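Text of the file upload16.txt, holding compact mmCIF, C-alpha atoms:
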```
# COMPACT_ATOMS: atom_id res chain seq x y z
CA MET B 397 80.05 -102.47 -281.25
CA GLU B 398 77.52 -103.19 -283.97
CA LEU B 399 76.12 -106.70 -284.24
CA LYS B 400 75.75 -108.56 -287.54
CA LEU B 401 72.45 -110.41 -287.14
CA ASN B 402 70.18 -112.64 -289.16
CA ASN B 403 66.40 -112.37 -289.03
CA LYS B 404 66.04 -114.97 -286.28
CA GLN B 405 68.58 -113.25 -284.04
CA ARG B 406 67.04 -109.86 -284.71
CA SER B 407 63.60 -111.12 -283.67
CA PHE B 408 65.07 -112.75 -280.56
CA LEU B 409 66.76 -109.52 -279.42
CA ALA B 410 63.58 -107.52 -280.09
CA GLY B 411 61.62 -110.00 -277.98
CA SER B 412 64.24 -109.80 -275.23
CA ALA B 413 63.94 -106.02 -275.18
CA GLY B 414 60.15 -106.31 -274.95
CA PHE B 415 60.47 -108.84 -272.14
CA SER B 416 62.76 -106.50 -270.20
CA ARG B 417 60.39 -103.60 -270.76
CA LEU B 418 57.40 -105.65 -269.53
CA VAL B 419 59.20 -106.73 -266.35
CA TYR B 420 60.32 -103.17 -265.62
CA ASN B 421 56.75 -101.86 -265.92
CA PHE B 422 55.44 -104.81 -263.90
CA GLY B 423 57.88 -104.10 -261.09
CA LEU B 424 57.14 -100.38 -261.09
CA SER B 425 53.38 -101.01 -260.99
CA LEU B 426 53.61 -103.44 -258.07
CA LEU B 427 56.06 -101.20 -256.22
CA THR B 428 53.77 -98.16 -256.39
CA SER B 429 50.79 -100.32 -255.44
CA SER B 430 52.61 -101.77 -252.42
CA TRP B 431 53.04 -98.29 -250.94
CA GLY B 432 49.31 -98.26 -250.25
CA PHE B 433 49.24 -101.55 -248.33
CA GLU B 434 48.29 -101.13 -244.69
CA GLY B 435 50.74 -102.38 -242.09
CA VAL B 436 53.59 -103.04 -244.54
CA LYS B 437 56.81 -101.22 -243.76
CA ALA B 438 59.81 -102.23 -245.84
CA SER B 439 62.49 -100.58 -247.95
CA GLU B 440 62.32 -100.48 -251.72
CA SER B 441 65.06 -103.11 -252.02
CA LYS B 442 63.11 -105.60 -249.92
CA ARG B 443 59.91 -104.87 -251.81
CA LEU B 444 61.65 -105.42 -255.16
CA THR B 445 63.16 -108.67 -253.87
CA GLN B 446 59.67 -109.95 -253.06
CA ILE B 447 58.38 -108.68 -256.42
CA GLU B 448 61.06 -110.72 -258.19
CA LYS B 449 59.97 -113.81 -256.24
CA VAL B 450 56.33 -113.19 -257.17
CA PHE B 451 57.29 -112.84 -260.81
CA THR B 452 59.43 -115.98 -260.79
CA ASN B 453 57.12 -118.27 -258.80
CA HIS B 454 53.69 -117.10 -259.93
CA VAL B 455 53.60 -114.85 -263.01
CA LYS B 456 55.93 -116.96 -265.15
CA THR B 457 53.92 -120.10 -264.33
CA LEU B 458 50.70 -118.72 -265.85
CA PRO B 459 49.75 -120.25 -269.22
CA GLN B 460 49.49 -116.87 -270.99
CA TYR B 461 53.11 -116.12 -270.05
CA ALA B 462 54.60 -119.42 -271.19
CA TRP B 463 56.53 -117.53 -273.89
CA MET B 464 58.78 -116.03 -271.17
CA LYS B 465 60.60 -119.35 -270.76
CA GLN B 466 62.49 -118.82 -274.02
CA TYR B 467 64.33 -115.82 -272.54
CA PRO B 468 67.07 -116.08 -269.87
CA SER B 469 66.42 -115.04 -266.28
CA ALA B 470 69.31 -112.56 -266.45
CA ILE B 471 67.06 -110.24 -268.50
CA TYR B 472 64.34 -109.71 -265.91
CA SER B 473 66.82 -109.69 -263.03
CA SER B 474 68.67 -106.81 -264.71
CA ALA B 475 65.38 -105.02 -265.42
CA LEU B 476 64.42 -105.08 -261.73
CA ARG B 477 67.93 -104.05 -260.78
CA ASN B 478 67.66 -101.03 -263.09
CA LEU B 479 64.32 -100.20 -261.50
CA ALA B 480 65.95 -100.27 -258.06
CA SER B 481 68.63 -97.86 -259.27
CA SER B 482 65.99 -95.51 -260.71
CA VAL B 483 64.05 -95.47 -257.44
CA ASP B 484 67.26 -94.88 -255.50
CA ARG B 485 68.11 -91.85 -257.67
CA TRP B 486 64.59 -90.53 -257.14
CA ARG B 487 64.99 -91.00 -253.40
CA LYS B 488 68.21 -88.98 -253.43
CA GLY B 489 66.58 -86.23 -255.50
CA THR B 490 68.95 -86.49 -258.48
CA SER B 491 66.23 -87.54 -260.94
CA GLY B 492 62.48 -87.62 -261.34
CA PHE B 493 60.13 -90.44 -260.49
CA PRO B 494 60.65 -93.53 -262.74
CA LYS B 495 58.38 -93.64 -265.78
CA LEU B 496 56.86 -96.61 -267.51
CA LYS B 497 59.01 -97.74 -270.39
CA SER B 498 57.66 -97.43 -273.91
CA LYS B 499 58.72 -98.98 -277.19
CA LYS B 500 58.79 -95.52 -278.73
CA ARG B 501 61.88 -94.68 -276.67
CA GLY B 502 63.86 -97.48 -278.26
CA ASP B 503 64.79 -101.08 -277.47
CA SER B 504 67.52 -101.74 -274.92
CA PHE B 505 68.20 -104.17 -272.09
CA ASN B 506 71.04 -105.40 -269.89
CA VAL B 507 72.39 -108.86 -269.12
CA LEU B 508 75.18 -109.92 -266.83
CA LYS B 509 77.00 -113.06 -265.81
CA LYS B 510 76.24 -113.71 -262.13
CA ALA B 511 77.45 -117.25 -261.55
CA GLY B 512 81.08 -117.90 -260.68
CA VAL B 513 83.11 -121.07 -260.06
CA TYR B 514 83.51 -122.14 -256.42
CA PRO B 515 86.02 -124.97 -255.74
CA ALA B 516 84.15 -126.10 -252.63
CA LYS B 517 81.44 -124.93 -250.30
CA GLY B 518 82.66 -122.16 -248.03
CA GLU B 519 85.73 -121.38 -250.15
CA PRO B 520 86.08 -118.13 -252.12
CA MET B 521 85.20 -117.94 -255.78
CA VAL B 522 87.86 -118.48 -258.41
CA PRO B 523 88.86 -114.97 -259.63
CA PHE B 524 87.32 -113.72 -262.90
CA THR B 525 85.01 -116.71 -263.27
CA ASN B 526 81.99 -114.43 -262.87
CA ARG B 527 83.06 -112.52 -265.98
CA GLN B 528 82.56 -113.35 -269.64
CA VAL B 529 85.83 -113.83 -271.51
CA LEU B 530 85.89 -112.08 -274.91
CA TYR B 531 88.34 -113.42 -277.45
CA PRO B 532 89.82 -111.42 -280.36
CA GLY B 533 87.79 -111.72 -283.54
CA LYS B 534 84.38 -110.98 -284.98
CA LYS B 535 82.41 -113.18 -282.57
CA ILE B 536 81.16 -112.36 -279.10
CA ASN B 537 79.53 -114.53 -276.42
CA ILE B 538 76.85 -112.67 -274.47
CA PRO B 539 75.74 -114.32 -271.19
CA GLY B 540 72.36 -116.00 -271.55
CA LEU B 541 71.92 -114.93 -275.18
CA GLY B 542 74.55 -116.97 -276.98
CA GLN B 543 77.09 -116.17 -279.66
CA PHE B 544 76.73 -113.31 -282.16
CA ARG B 545 78.75 -111.92 -285.03
CA LEU B 546 80.24 -108.43 -285.00
CA LYS B 547 80.75 -105.92 -287.80
CA GLN B 548 84.17 -105.03 -286.38
CA PRO B 549 86.51 -107.46 -284.58
CA ILE B 550 87.40 -107.31 -280.89
CA PRO B 551 91.07 -106.22 -281.00
CA PHE B 552 92.38 -108.03 -277.92
CA LEU B 553 91.57 -110.55 -275.19
CA CYS B 554 89.38 -109.02 -272.48
CA SER B 555 86.55 -109.80 -270.08
CA CYS B 556 83.41 -108.11 -268.81
CA GLN B 557 80.47 -108.90 -266.54
CA THR B 558 77.68 -106.56 -267.74
CA PHE B 559 76.51 -106.10 -271.34
CA THR B 560 74.00 -103.62 -272.76
CA ILE B 561 72.18 -104.46 -276.00
CA SER B 562 70.41 -101.56 -277.74
CA ARG B 563 68.80 -100.77 -281.08
CA VAL B 564 69.21 -97.60 -283.14
CA ALA B 565 66.91 -97.57 -286.17
CA GLU B 566 67.44 -101.07 -287.67
CA ARG B 567 70.91 -101.62 -286.18
CA TRP B 568 71.66 -103.51 -282.99
CA PHE B 569 74.66 -102.73 -280.79
CA VAL B 570 76.34 -104.29 -277.77
CA SER B 571 78.35 -102.21 -275.31
CA PHE B 572 80.53 -103.33 -272.42
CA ALA B 573 83.04 -101.68 -270.11
CA LEU B 574 86.68 -102.74 -269.71
CA ASP B 575 88.89 -102.29 -266.66
CA ILE B 576 91.97 -100.25 -267.49
CA ASP B 577 94.83 -98.78 -265.52
CA LYS B 578 94.82 -95.15 -264.48
CA VAL B 579 95.17 -92.77 -267.41
CA PRO B 580 98.49 -90.88 -267.26
CA PRO B 581 98.19 -87.16 -266.51
CA VAL B 582 97.82 -84.79 -269.44
CA ILE B 583 99.97 -81.65 -269.66
CA HIS B 584 97.73 -78.87 -270.96
CA ARG B 585 99.28 -76.22 -273.18
CA VAL B 586 96.92 -73.38 -272.17
CA GLN B 587 95.94 -72.51 -268.60
CA SER B 588 92.39 -71.17 -269.05
CA VAL B 589 89.80 -70.44 -271.72
CA GLY B 590 86.29 -69.06 -271.94
CA ILE B 591 83.81 -70.55 -274.42
CA ASP B 592 80.75 -68.74 -275.72
CA LEU B 593 78.20 -70.98 -277.46
CA GLY B 594 75.96 -69.73 -280.24
CA VAL B 595 73.92 -70.67 -283.28
CA LYS B 596 75.80 -69.16 -286.22
CA CYS B 597 79.17 -70.10 -284.73
CA PHE B 598 78.88 -73.08 -282.44
CA ALA B 599 81.73 -72.11 -280.10
CA THR B 600 83.89 -68.99 -279.86
CA LEU B 601 86.96 -69.34 -277.65
CA SER B 602 88.55 -66.48 -275.74
CA ASP B 603 91.86 -66.95 -277.60
CA GLY B 604 90.13 -66.01 -280.87
CA SER B 605 89.59 -69.47 -282.36
CA LYS B 606 86.14 -70.47 -283.57
CA ILE B 607 84.43 -73.83 -284.03
CA PHE B 608 81.63 -74.22 -286.56
CA ALA B 609 79.10 -77.01 -286.68
CA PRO B 610 79.52 -79.34 -289.68
CA GLN B 611 77.43 -78.54 -292.71
CA SER B 612 76.44 -82.21 -292.94
CA ILE B 613 74.09 -81.76 -289.95
CA LYS B 614 72.09 -79.11 -291.79
CA GLU B 615 72.04 -81.20 -294.98
CA ALA B 616 70.82 -84.29 -293.09
CA LEU B 617 68.11 -82.25 -291.34
CA THR B 618 66.99 -80.81 -294.69
CA LYS B 619 66.64 -84.30 -296.16
CA LEU B 620 64.75 -85.40 -293.07
CA SER B 621 62.25 -82.53 -293.29
CA LYS B 622 61.69 -83.15 -297.02
CA GLU B 623 61.07 -86.82 -296.32
CA GLN B 624 58.50 -85.94 -293.68
CA TRP B 625 56.75 -83.47 -296.01
CA ARG B 626 56.55 -85.90 -298.92
CA ASN B 627 55.01 -88.59 -296.70
CA ARG B 628 52.61 -86.34 -294.79
CA ASN B 629 49.59 -88.17 -296.25
CA LYS B 630 50.74 -91.69 -295.36
CA ARG B 631 48.22 -93.83 -293.51
CA LEU B 632 49.99 -94.08 -290.19
CA GLY B 633 47.40 -96.26 -288.45
CA ASN B 634 45.82 -96.06 -285.01
CA ARG B 635 46.34 -98.90 -282.54
CA SER B 636 43.53 -97.85 -280.21
CA GLN B 637 41.05 -97.92 -283.11
CA GLY B 638 42.43 -101.11 -284.61
CA ILE B 639 43.65 -99.40 -287.81
CA LYS B 640 46.87 -100.89 -289.16
CA ALA B 641 49.50 -98.83 -290.89
CA SER B 642 49.98 -99.37 -294.61
CA ASN B 643 53.04 -101.18 -295.96
CA ASN B 644 54.35 -97.96 -297.48
CA ALA B 645 53.97 -96.26 -294.11
CA LEU B 646 56.00 -99.01 -292.42
CA LYS B 647 58.76 -98.57 -295.00
CA TYR B 648 58.61 -94.82 -294.40
CA TYR B 649 59.02 -95.37 -290.64
CA GLN B 650 62.17 -97.41 -291.22
CA LYS B 651 63.61 -94.84 -293.59
CA LEU B 652 62.73 -92.02 -291.21
CA ALA B 653 64.48 -93.81 -288.33
CA ARG B 654 67.63 -94.21 -290.43
CA ARG B 655 67.69 -90.51 -291.27
CA GLN B 656 67.17 -89.50 -287.64
CA ALA B 657 69.91 -91.89 -286.55
CA ARG B 658 72.26 -90.32 -289.08
CA VAL B 659 71.64 -86.83 -287.70
CA ALA B 660 72.30 -88.04 -284.16
CA LYS B 661 75.47 -89.86 -285.26
CA ILE B 662 76.90 -86.78 -287.00
CA ARG B 663 76.16 -84.58 -283.99
CA ARG B 664 77.65 -87.07 -281.52
CA ASP B 665 80.81 -87.51 -283.59
CA PHE B 666 81.26 -83.73 -283.88
CA LEU B 667 80.79 -83.14 -280.16
CA GLN B 668 83.07 -86.02 -279.18
CA LYS B 669 85.94 -84.66 -281.28
CA ILE B 670 85.74 -81.02 -280.22
CA THR B 671 85.30 -81.79 -276.51
CA THR B 672 88.33 -84.09 -276.61
CA ASP B 673 90.44 -81.46 -278.39
CA ILE B 674 89.42 -78.76 -275.92
CA SER B 675 90.06 -81.01 -272.91
CA LEU B 676 93.53 -81.90 -274.20
CA LYS B 677 94.57 -78.27 -274.83
CA TYR B 678 93.00 -76.24 -272.00
CA TYR B 679 93.09 -76.83 -268.24
CA ASN B 680 90.53 -74.40 -266.76
CA ILE B 681 87.44 -74.29 -269.00
CA ARG B 682 84.62 -71.85 -268.37
CA ILE B 683 81.27 -71.96 -270.12
CA GLU B 684 77.98 -70.22 -269.50
CA ASP B 685 75.23 -72.03 -267.62
CA LEU B 686 72.78 -71.78 -270.51
CA ASN B 687 69.04 -72.19 -270.11
CA VAL B 688 68.65 -74.40 -273.19
CA GLN B 689 65.02 -75.22 -272.50
CA GLY B 690 64.16 -71.53 -272.35
CA ARG B 691 65.98 -70.81 -275.60
CA ILE B 692 64.14 -73.56 -277.42
CA ALA B 693 60.91 -71.76 -276.53
CA ASN B 694 61.82 -69.25 -279.24
CA GLN B 695 60.11 -70.78 -282.28
CA LYS B 696 62.41 -69.05 -284.76
CA LEU B 697 65.57 -70.49 -283.19
CA ALA B 698 64.22 -73.74 -281.74
CA ASP B 699 65.30 -75.99 -284.64
CA ALA B 700 68.76 -74.43 -284.89
CA ILE B 701 69.41 -74.66 -281.14
CA GLY B 702 67.97 -78.15 -280.78
CA SER B 703 70.10 -79.56 -283.60
CA LEU B 704 73.38 -78.37 -282.06
CA GLY B 705 73.27 -80.24 -278.75
CA LEU B 706 74.41 -77.43 -276.42
CA TYR B 707 73.70 -79.33 -273.22
CA GLU B 708 75.38 -82.46 -274.61
CA PHE B 709 78.50 -80.35 -275.18
CA ARG B 710 78.50 -79.39 -271.49
CA ARG B 711 77.82 -82.98 -270.39
CA MET B 712 80.73 -84.35 -272.40
CA LEU B 713 83.11 -81.75 -271.00
CA SER B 714 81.92 -82.68 -267.50
CA TYR B 715 82.63 -86.39 -267.65
CA LYS B 716 85.87 -85.93 -269.63
CA ALA B 717 87.25 -83.74 -266.85
CA SER B 718 88.21 -86.84 -264.85
CA PHE B 719 89.86 -88.40 -267.91
CA PHE B 720 92.04 -85.46 -268.92
CA GLY B 721 92.43 -83.71 -265.57
CA THR B 722 90.61 -80.54 -266.61
CA LYS B 723 88.61 -78.14 -264.46
CA LEU B 724 85.19 -77.22 -265.84
CA GLU B 725 83.40 -74.22 -264.34
CA LEU B 726 79.95 -72.79 -265.02
CA VAL B 727 79.39 -69.05 -265.09
CA ASP B 728 76.09 -67.77 -263.71
CA ARG B 729 73.48 -67.61 -266.48
CA TRP B 730 72.55 -64.05 -265.38
CA PHE B 731 76.12 -62.80 -265.76
CA PRO B 732 76.03 -60.11 -268.56
CA SER B 733 78.83 -61.57 -270.66
CA SER B 734 77.50 -60.13 -273.95
CA LYS B 735 76.66 -56.69 -272.52
CA THR B 736 79.97 -56.12 -270.70
CA CYS B 737 83.04 -54.64 -272.37
CA SER B 738 86.01 -56.97 -271.98
CA CYS B 739 88.42 -53.98 -271.88
CA CYS B 740 86.91 -51.43 -269.48
CA GLY B 741 83.99 -53.33 -267.90
CA ASN B 742 81.29 -51.00 -269.21
CA VAL B 743 77.81 -52.55 -269.36
CA GLN B 744 75.45 -51.52 -272.15
CA GLN B 745 72.51 -52.94 -274.02
CA MET B 746 73.32 -55.35 -276.88
CA PRO B 747 70.44 -56.40 -279.15
CA LEU B 748 70.80 -59.82 -280.71
CA LYS B 749 71.02 -58.35 -284.23
CA GLU B 750 74.25 -56.47 -283.40
CA ARG B 751 77.17 -58.81 -284.01
CA VAL B 752 79.94 -56.32 -283.16
CA TYR B 753 80.40 -54.89 -279.67
CA ARG B 754 81.20 -51.14 -279.82
CA CYS B 755 81.85 -49.79 -276.34
CA ASN B 756 80.29 -46.40 -275.62
CA LYS B 757 82.91 -45.65 -272.96
CA CYS B 758 86.34 -46.70 -274.28
CA GLY B 759 85.43 -46.97 -277.98
CA VAL B 760 86.77 -50.51 -278.49
CA SER B 761 85.24 -52.55 -281.33
CA ILE B 762 85.29 -56.32 -280.99
CA ASP B 763 83.31 -59.31 -282.19
CA ARG B 764 80.29 -59.93 -279.98
CA ASP B 765 80.98 -63.63 -279.35
CA LEU B 766 84.71 -63.08 -278.74
CA ASN B 767 83.90 -60.34 -276.24
CA ALA B 768 81.52 -62.68 -274.41
CA ALA B 769 84.10 -65.49 -274.35
CA GLN B 770 86.73 -63.21 -272.82
CA ASN B 771 84.27 -62.05 -270.18
CA LEU B 772 83.47 -65.67 -269.32
CA GLU B 773 87.17 -66.42 -268.87
CA ASN B 774 87.64 -63.43 -266.56
CA ALA B 775 84.32 -63.71 -264.69
CA PRO B 776 84.50 -62.96 -260.93
CA LYS B 777 84.74 -65.96 -258.64
CA ASP B 778 81.42 -65.23 -256.94
CA ARG B 779 79.65 -65.78 -260.28
CA VAL B 780 81.37 -69.10 -261.01
CA ARG B 781 80.72 -72.59 -259.68
CA ALA B 782 82.28 -75.97 -260.40
CA ALA B 783 80.53 -78.35 -262.76
CA SER B 784 80.30 -82.08 -262.26
CA ALA B 785 79.10 -85.09 -264.22
CA GLU B 786 76.23 -85.52 -261.74
CA PHE B 787 73.16 -83.31 -261.46
CA THR B 788 73.98 -79.79 -260.31
CA PRO B 789 71.73 -77.76 -258.00
CA VAL B 790 70.30 -75.83 -260.94
CA ASP B 791 69.29 -79.06 -262.69
CA LYS B 792 67.54 -80.53 -259.67
CA LYS B 793 63.79 -80.14 -259.60
CA GLU B 794 62.01 -79.45 -256.35
CA LEU B 795 60.51 -82.74 -255.29
CA ALA B 796 57.70 -83.29 -252.85
CA PRO B 797 58.75 -84.36 -249.35
CA LEU B 798 59.29 -88.11 -249.19
CA ALA B 799 57.28 -90.10 -246.71
CA GLU B 800 58.57 -93.09 -244.84
CA ALA B 801 58.52 -96.50 -246.50
CA GLY B 802 55.18 -98.20 -246.08
CA SER B 803 53.11 -95.03 -245.76
CA LYS B 804 50.36 -94.07 -248.21
CA ARG B 805 51.39 -91.97 -251.19
CA ARG B 806 49.55 -90.39 -254.02
CA ILE B 807 51.17 -91.20 -257.34
CA LYS B 808 50.04 -89.04 -260.22
CA ARG B 809 50.69 -91.77 -262.76
CA ASN B 810 48.13 -94.56 -262.60
CA ALA B 811 50.43 -97.49 -263.32
CA ARG B 812 48.77 -100.87 -263.81
CA PHE B 813 49.97 -104.20 -265.11
CA GLU B 814 47.61 -105.97 -267.48
```

Written form, C-alpha cells:
Amino acid sequence: MELKLNNKQRSFLAGSAGFSRLVYNFGLSLLTSSWGFEGVKASESKRLTQIEKVFTNHVKTLPQYAWMKQYPSAIYSSALRNLASSVDRWRKGTSGFPKLKSKKRGDSFNVLKKAGVYPAKGEPMVPFTNRQVLYPGKKINIPGLGQFRLKQPIPFLCSCQTFTISRVAERWFVSFALDIDKVPPVIHRVQSVGIDLGVKCFATLSDGSKIFAPQSIKEALTKLSKEQWRNRNKRLGNRSQGIKASNNALKYYQKLARRQARVAKIRRDFLQKITTDISLKYYNIRIEDLNVQGRIANQKLADAIGSLGLYEFRRMLSYKASFFGTKLELVDRWFPSSKTCSCCGNVQQMPLKERVYRCNKCGVSIDRDLNAAQNLENAPKDRVRAASAEFTPVDKKELAPLAEAGSKRRIKRNARFE
C-alpha cells in the first residue's frame, strides 16, 4: 500500500533504508573476515549473533555513529536476519553468494514487532500481543517507525508482525502479509494447455487463443528512450572525482525513475492478470523452459524480449499453482516444438522468418506458434519436468565446494567496512 508522506517522513524513511543497508554490509564484511580467523569454529548463526552484539555494544557507541540512535533497533536486527537468510540460501545452493547492498538497487528495509505481553515470569505470552494491530482507515502504525498516512484505506481490522518498506521512484510503499484460511479448490474448465511464448504475440495457447502484450508498454518505452536521448548531454556528475550533478540532471533522474517505474507497473499488471486467468481456466499448464538470457544476447531482439518479462510470466505461474491448484510443467528447452508437425510428427527445419508451418510430409498448413503450442501440450513425458516456485536444477549454478565453518576461504569480493 502506498504511503502518503511529508518531507520529514520521507527523509526519515530514506535514512532508515540507508541505515539498514549499512548494517547489512557491515555484517557481511565481518562475517567474511571471521572465516579467516585461526582457531574459530562456529556456525554462521552464532557468528552473526556475536556481530550483532559488537554492533550494539561498540559500533553504535562511537561518536561518528551517534546518528544511529534516532533509528529503532528493529531495523538493524532485521537487516542481520536477512543476511542470515541469504547466507543460508547460499549454503543450500539455491542462490549465489550475498552481495553488498547498493543504493542504486533501490531503498527497502524490514521491521517487525518482537516484544509481546507476558502476564508473569514463566507464563506463556498473551496471544497476538507480538503482532501490530491494523485498524480500518487511512492510517497505519508501523513498529518502531510510528504512524503514517495511506493513499488507500485498510478495508478491515487485521494484524501483522513483519512489515517491508520500499521505494519505487519517488513513491514509498509498505507491504505486510495477512493470515487467511485455506483457499477453496478451483474447478478448472479445461484439462490441459500448451503455451508458446514469443515476441510478436506474447502467448499462443494450444486451443487457438492468443494473448498480445499491451501497446502501452511500447509507448512507455518509446517515451523513455526519447527522454534519455534528449538528456544525453546532461552533466551527470562523478562522485569519485568530487563532481556534483547539475540541478537539471537531478530533475532528469527523478523523471527518468518515474518513467521506468511506469513501464514496470504496466508489465506487472499485465502479467498478473493473464497468469490469474490462465490458472483459473486450465489445470495442466505446459510451457517451454526458455533460455531467456541466451535470447537477450541477440541485439536485434534484446529490447523486445527484455520488455516482455518472459521469466516473470513463468515465475508467477509457479507460485500461483498452490493458490489455484494448477500443475505447471516445463518442457525441455531442446525439444523441437517449432520444427515438429503437430499432426504427423515430421521434423523439418523452420527458419525464424517463416511464420506458417507447412509440413513436407502430410501437407498440413498451420500457424507456427499454434503448432508449437500444440506440440508443447502433447510433449512426451520424458521431455517434461515439474516446475516449482523454488530454484529448479537448471537455474542452479555450480558452486564451489563448501568448507567447514571456521576454515579459511578465499572470497573474490573484497568486502570492507569503512

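With only C-alpha atoms taken into account, the protein and nucleic acid residues at most 8 Å from B:Glu773 (excluding it and anything under 6 positions from it in its own chain) are Ser588, Val589, Gly590, Ile591, Ser602, Ile681 and Arg682 of chain B.
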
The selected residues should be written to file as a PDB file, in the coordinates of the input (atoms: C-alpha atoms).
```pdb
ATOM      1  CA  SER B 588      92.390 -71.170-269.050  1.00  0.00           C
ATOM      2  CA  VAL B 589      89.800 -70.440-271.720  1.00  0.00           C
ATOM      3  CA  GLY B 590      86.290 -69.060-271.940  1.00  0.00           C
ATOM      4  CA  ILE B 591      83.810 -70.550-274.420  1.00  0.00           C
ATOM      5  CA  SER B 602      88.550 -66.480-275.740  1.00  0.00           C
ATOM      6  CA  ILE B 681      87.440 -74.290-269.000  1.00  0.00           C
ATOM      7  CA  ARG B 682      84.620 -71.850-268.370  1.00  0.00           C
TER       8      ARG B 682
END
```

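With only C-alpha atoms as the atoms that count, the minimum distance from B:Ser621 to the choices B:Ala768, B:Asp699, B:Leu496, B:Asn774 is reached by B:Asp699.
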
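In this structure, atom CA of B:Arg485 sits 18.4 Å away from atom CA of B:Tyr715.
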
**Study point:** Residue among B:Leu546, B:Ile762, B:Leu724, B:Ile701 lying closest to B:Asp685, counting all atoms listed in the file
**Key:**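 Ranked by minimum distance to B:Asp685, first place goes to B:Leu724.
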
Practice item. Give the answer as one residue: which of B:Ile576, B:Leu444, B:Cys556, B:Leu399 has the shortest atom-to-atom distance to B:Thr525, using only C-alpha atoms? Key: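 Selected residue with least distance to B:Thr525: B:Cys556.
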
Can you patch up stretch 452-464 of chain B, filling it in to N, CA, C and O atoms, and show the result as a compact mmCIF listing (two decimals), in the frame of the given file?
```txt
# COMPACT_ATOMS: atom_id res chain seq x y z
N THR B 452 58.82 -114.70 -260.45
CA THR B 452 59.43 -115.98 -260.79
C THR B 452 58.52 -117.15 -260.45
O THR B 452 58.37 -118.10 -261.25
N ASN B 453 57.87 -117.11 -259.28
CA ASN B 453 57.12 -118.27 -258.80
C ASN B 453 55.66 -118.28 -259.21
O ASN B 453 55.01 -119.34 -259.14
N HIS B 454 55.12 -117.14 -259.63
CA HIS B 454 53.69 -117.10 -259.93
C HIS B 454 53.40 -116.60 -261.35
O HIS B 454 52.71 -117.28 -262.11
N VAL B 455 53.95 -115.43 -261.70
CA VAL B 455 53.60 -114.85 -263.01
C VAL B 455 54.11 -115.73 -264.15
O VAL B 455 53.37 -116.02 -265.10
N LYS B 456 55.35 -116.17 -264.06
CA LYS B 456 55.93 -116.96 -265.15
C LYS B 456 55.26 -118.33 -265.29
O LYS B 456 55.39 -118.97 -266.35
N THR B 457 54.58 -118.79 -264.26
CA THR B 457 53.92 -120.10 -264.33
C THR B 457 52.54 -120.04 -264.99
O THR B 457 51.95 -121.09 -265.26
N LEU B 458 52.02 -118.84 -265.23
CA LEU B 458 50.70 -118.72 -265.85
C LEU B 458 50.76 -119.14 -267.31
O LEU B 458 51.77 -118.91 -268.00
N PRO B 459 49.71 -119.77 -267.82
CA PRO B 459 49.75 -120.25 -269.22
C PRO B 459 49.95 -119.14 -270.24
O PRO B 459 50.61 -119.34 -271.25
N GLN B 460 49.37 -117.95 -270.00
CA GLN B 460 49.49 -116.87 -270.99
C GLN B 460 50.89 -116.29 -271.05
O GLN B 460 51.22 -115.54 -271.97
N TYR B 461 51.74 -116.61 -270.05
CA TYR B 461 53.11 -116.12 -270.05
C TYR B 461 54.11 -117.25 -270.26
O TYR B 461 55.26 -117.16 -269.83
N ALA B 462 53.69 -118.31 -270.92
CA ALA B 462 54.60 -119.42 -271.19
C ALA B 462 55.73 -119.02 -272.14
O ALA B 462 56.80 -119.64 -272.13
N TRP B 463 55.51 -117.98 -272.94
CA TRP B 463 56.53 -117.53 -273.89
C TRP B 463 57.76 -116.95 -273.19
O TRP B 463 58.84 -116.83 -273.80
N MET B 464 57.64 -116.60 -271.89
CA MET B 464 58.78 -116.03 -271.17
C MET B 464 59.90 -117.03 -270.95
O MET B 464 61.04 -116.64 -270.69
```
